[in-house]
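S.K.: Contents of coords_10.txt (compact mmCIF, N, CA and C atoms) are given next:
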# COMPACT_ATOMS: atom_id res chain seq x y z
N MET A 1 0.83 -1.19 0.00
CA MET A 1 0.00 0.00 0.00
C MET A 1 0.87 1.25 0.00
N LYS A 2 0.35 2.25 -0.64
CA LYS A 2 0.99 3.56 -0.64
C LYS A 2 0.09 4.55 0.08
N VAL A 3 0.67 5.66 0.47
CA VAL A 3 -0.12 6.72 1.10
C VAL A 3 -0.20 7.92 0.17
N ARG A 4 -1.29 8.63 0.29
CA ARG A 4 -1.46 9.90 -0.41
C ARG A 4 -2.00 10.91 0.58
N TYR A 5 -1.55 12.14 0.42
CA TYR A 5 -2.00 13.21 1.29
C TYR A 5 -2.81 14.26 0.52
N ASN A 6 -3.41 13.85 -0.60
CA ASN A 6 -4.21 14.78 -1.39
C ASN A 6 -5.34 15.38 -0.57
N ASN A 7 -5.96 14.56 0.29
CA ASN A 7 -7.04 15.06 1.14
C ASN A 7 -6.55 16.19 2.04
N LEU A 8 -5.37 16.03 2.57
CA LEU A 8 -4.78 17.07 3.42
C LEU A 8 -4.59 18.35 2.64
N PHE A 9 -4.03 18.26 1.45
CA PHE A 9 -3.74 19.46 0.68
C PHE A 9 -5.01 20.15 0.20
N LYS A 10 -6.06 19.37 -0.08
CA LYS A 10 -7.36 19.96 -0.42
C LYS A 10 -7.94 20.68 0.80
N LEU A 11 -7.79 20.06 1.96
CA LEU A 11 -8.28 20.66 3.20
C LEU A 11 -7.57 21.99 3.47
N LEU A 12 -6.26 22.01 3.24
CA LEU A 12 -5.51 23.25 3.43
C LEU A 12 -6.03 24.34 2.51
N ILE A 13 -6.32 24.00 1.27
CA ILE A 13 -6.87 24.98 0.32
C ILE A 13 -8.20 25.50 0.84
N ASP A 14 -9.06 24.59 1.30
CA ASP A 14 -10.37 25.00 1.82
C ASP A 14 -10.24 25.94 3.01
N LYS A 15 -9.21 25.72 3.83
CA LYS A 15 -8.99 26.54 5.02
C LYS A 15 -8.10 27.75 4.72
N LYS A 16 -7.74 27.90 3.44
CA LYS A 16 -6.88 29.02 3.01
C LYS A 16 -5.56 29.05 3.79
N MET A 17 -4.98 27.87 3.94
CA MET A 17 -3.70 27.73 4.63
C MET A 17 -2.64 27.25 3.66
N LYS A 18 -1.42 27.66 3.90
CA LYS A 18 -0.28 27.16 3.15
C LYS A 18 0.35 26.00 3.94
N LYS A 19 1.14 25.21 3.24
CA LYS A 19 1.83 24.11 3.92
C LYS A 19 2.71 24.64 5.05
N THR A 20 3.33 25.78 4.81
CA THR A 20 4.20 26.36 5.84
C THR A 20 3.40 26.81 7.06
N ASP A 21 2.15 27.27 6.84
CA ASP A 21 1.28 27.63 7.97
C ASP A 21 1.00 26.39 8.82
N LEU A 22 0.68 25.29 8.13
CA LEU A 22 0.43 24.03 8.84
C LEU A 22 1.66 23.60 9.63
N ALA A 23 2.82 23.66 8.99
CA ALA A 23 4.05 23.25 9.66
C ALA A 23 4.28 24.06 10.93
N ARG A 24 4.08 25.36 10.85
CA ARG A 24 4.29 26.22 12.01
C ARG A 24 3.27 25.91 13.11
N GLU A 25 2.00 25.82 12.74
CA GLU A 25 0.94 25.64 13.74
C GLU A 25 0.94 24.24 14.36
N ALA A 26 1.32 23.23 13.57
CA ALA A 26 1.32 21.85 14.08
C ALA A 26 2.68 21.43 14.62
N GLY A 27 3.69 22.28 14.48
CA GLY A 27 5.02 21.94 14.98
C GLY A 27 5.73 20.90 14.14
N LEU A 28 5.54 20.97 12.82
CA LEU A 28 6.19 20.01 11.92
C LEU A 28 7.53 20.54 11.44
N THR A 29 8.48 19.66 11.25
CA THR A 29 9.78 20.07 10.75
C THR A 29 9.72 20.22 9.23
N PRO A 30 10.67 20.96 8.65
CA PRO A 30 10.72 21.06 7.18
C PRO A 30 10.88 19.68 6.53
N ALA A 31 11.60 18.77 7.16
CA ALA A 31 11.78 17.43 6.61
C ALA A 31 10.45 16.67 6.56
N THR A 32 9.64 16.81 7.61
CA THR A 32 8.33 16.16 7.63
C THR A 32 7.43 16.75 6.57
N LEU A 33 7.46 18.05 6.41
CA LEU A 33 6.66 18.71 5.38
C LEU A 33 7.06 18.21 3.99
N ALA A 34 8.34 18.02 3.78
CA ALA A 34 8.83 17.50 2.50
C ALA A 34 8.33 16.07 2.28
N ARG A 35 8.34 15.25 3.33
CA ARG A 35 7.85 13.87 3.21
C ARG A 35 6.37 13.85 2.85
N LEU A 36 5.60 14.72 3.45
CA LEU A 36 4.18 14.82 3.12
C LEU A 36 3.99 15.22 1.65
N SER A 37 4.77 16.18 1.21
CA SER A 37 4.67 16.66 -0.17
C SER A 37 5.03 15.58 -1.19
N LYS A 38 5.87 14.63 -0.77
CA LYS A 38 6.30 13.55 -1.67
C LYS A 38 5.46 12.29 -1.47
N ASP A 39 4.38 12.38 -0.71
CA ASP A 39 3.54 11.21 -0.41
C ASP A 39 4.34 10.07 0.20
N GLU A 40 5.23 10.41 1.12
CA GLU A 40 6.00 9.41 1.85
C GLU A 40 5.37 9.18 3.22
N ILE A 41 5.65 8.04 3.80
CA ILE A 41 5.07 7.71 5.10
C ILE A 41 5.65 8.59 6.20
N VAL A 42 4.76 9.10 7.05
CA VAL A 42 5.17 9.86 8.23
C VAL A 42 4.62 9.15 9.45
N SER A 43 5.07 9.54 10.61
CA SER A 43 4.66 8.86 11.84
C SER A 43 3.20 9.15 12.19
N MET A 44 2.62 8.25 12.97
CA MET A 44 1.26 8.46 13.44
C MET A 44 1.21 9.70 14.33
N GLU A 45 2.27 9.96 15.05
CA GLU A 45 2.34 11.16 15.88
C GLU A 45 2.17 12.42 15.02
N THR A 46 2.79 12.42 13.85
CA THR A 46 2.66 13.55 12.93
C THR A 46 1.23 13.68 12.44
N ILE A 47 0.61 12.57 12.08
CA ILE A 47 -0.77 12.60 11.61
C ILE A 47 -1.69 13.14 12.70
N VAL A 48 -1.46 12.71 13.94
CA VAL A 48 -2.27 13.19 15.06
C VAL A 48 -2.09 14.69 15.25
N LYS A 49 -0.87 15.18 15.17
CA LYS A 49 -0.62 16.62 15.30
C LYS A 49 -1.39 17.40 14.23
N ILE A 50 -1.37 16.89 13.01
CA ILE A 50 -2.08 17.55 11.91
C ILE A 50 -3.58 17.55 12.18
N CYS A 51 -4.11 16.40 12.60
CA CYS A 51 -5.54 16.31 12.89
C CYS A 51 -5.95 17.25 14.01
N GLU A 52 -5.14 17.33 15.04
CA GLU A 52 -5.45 18.24 16.15
C GLU A 52 -5.41 19.69 15.69
N CYS A 53 -4.43 20.01 14.88
CA CYS A 53 -4.28 21.39 14.38
C CYS A 53 -5.45 21.79 13.50
N LEU A 54 -5.88 20.88 12.63
CA LEU A 54 -6.93 21.20 11.66
C LEU A 54 -8.32 20.79 12.15
N ASN A 55 -8.38 20.18 13.35
CA ASN A 55 -9.64 19.72 13.91
C ASN A 55 -10.37 18.81 12.91
N CYS A 56 -9.68 17.76 12.49
CA CYS A 56 -10.24 16.85 11.49
C CYS A 56 -9.93 15.40 11.86
N ARG A 57 -10.39 14.48 11.03
CA ARG A 57 -10.18 13.05 11.25
C ARG A 57 -9.00 12.57 10.40
N ILE A 58 -8.49 11.40 10.73
CA ILE A 58 -7.35 10.84 10.00
C ILE A 58 -7.66 10.71 8.52
N GLU A 59 -8.85 10.24 8.18
CA GLU A 59 -9.19 10.06 6.77
C GLU A 59 -9.30 11.39 6.01
N ASP A 60 -9.36 12.50 6.74
CA ASP A 60 -9.33 13.81 6.10
C ASP A 60 -7.91 14.22 5.73
N VAL A 61 -6.94 13.44 6.19
CA VAL A 61 -5.53 13.77 5.98
C VAL A 61 -4.84 12.77 5.05
N VAL A 62 -5.01 11.49 5.32
CA VAL A 62 -4.26 10.47 4.61
C VAL A 62 -5.20 9.45 3.97
N GLU A 63 -4.77 8.96 2.82
CA GLU A 63 -5.51 7.92 2.10
C GLU A 63 -4.56 6.80 1.76
N LEU A 64 -4.99 5.57 1.96
CA LEU A 64 -4.21 4.40 1.57
C LEU A 64 -4.68 3.95 0.20
N VAL A 65 -3.72 3.73 -0.71
CA VAL A 65 -4.06 3.29 -2.06
C VAL A 65 -3.25 2.04 -2.40
N PRO A 66 -3.80 1.15 -3.20
CA PRO A 66 -3.08 -0.07 -3.58
C PRO A 66 -1.79 0.26 -4.33
N ASP A 67 -0.80 -0.53 -4.07
CA ASP A 67 0.49 -0.39 -4.77
C ASP A 67 0.42 -1.25 -6.01
N ASN A 68 0.32 -0.66 -7.18
CA ASN A 68 0.14 -1.38 -8.43
C ASN A 68 1.46 -1.70 -9.10
N ASN A 69 2.25 -2.53 -8.47
CA ASN A 69 3.53 -2.94 -9.07
C ASN A 69 3.38 -4.22 -9.82
Please express the file's structure as structure tokens.
M.R.:
Amino acid sequence: MKVRYNNLFKLLIDKKMKKTDLAREAGLTPATLARLSKDEIVSMETIVKICECLNCRIEDVVELVPDNN
């Protein structure tokens, strides 16, 4: 399975937030922000921080998709 954070980025647009705003408000490092942008796996702790910051559910942030190899 792969992860996608398209839901997160759509949510940021709806809330008129930039990725850097999220990073600052949720306490994310630039490296974590880069991993999110590249659809790489991040820790559950990071996902929880994002959900708390945006007052949303996990499925509003991350989506699991089949790995079609």
S.K.: Excluding same-chain residues fewer than 4 positions from segment 44-57 of chain A, what lies within 12 Å of it counting only C-alpha atoms, as a PyMOL selection string?
M.R.: chain A and resi 5+7-9+11-17+19+21-29+31-33+35-36+61-63
S.K.: Interatomic distance between atom CA of Asp67 of chain A and atom CA of Ala34 of chain A?
M.R.: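 Computing it gives 21.0 Å between the two atoms.
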S.K.: Suppose you want the space between atom N of Lys2 of chain A and atom CA of Lys38 of chain A; what is it in Å?
M.R.: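 One can read the atom N of Lys2 of chain A to atom CA of Lys38 of chain A distance as 12.8 Å.
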S.K.: Report, as AutoDock Vina command-line options, the axis-aligned box around all atoms of segment 12-19 of chain A present in the file, extended by 3 Å on each side; give centre and edge lengths in Å to one decimal place.
M.R.:
--center_x -3.8 --center_y 25.5 --center_z 2.7 --size_x 19.1 --size_y 13.0 --size_z 10.7
S.K.: Could you tell me which of A:Pro30, A:Ser43, A:Val3, A:Lys10 comes closest to Val65 of chain A if we count only N, CA and C atoms?
M.R.: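 Using only N, CA and C atoms, Val65 of chain A sits closest to A:Val3.
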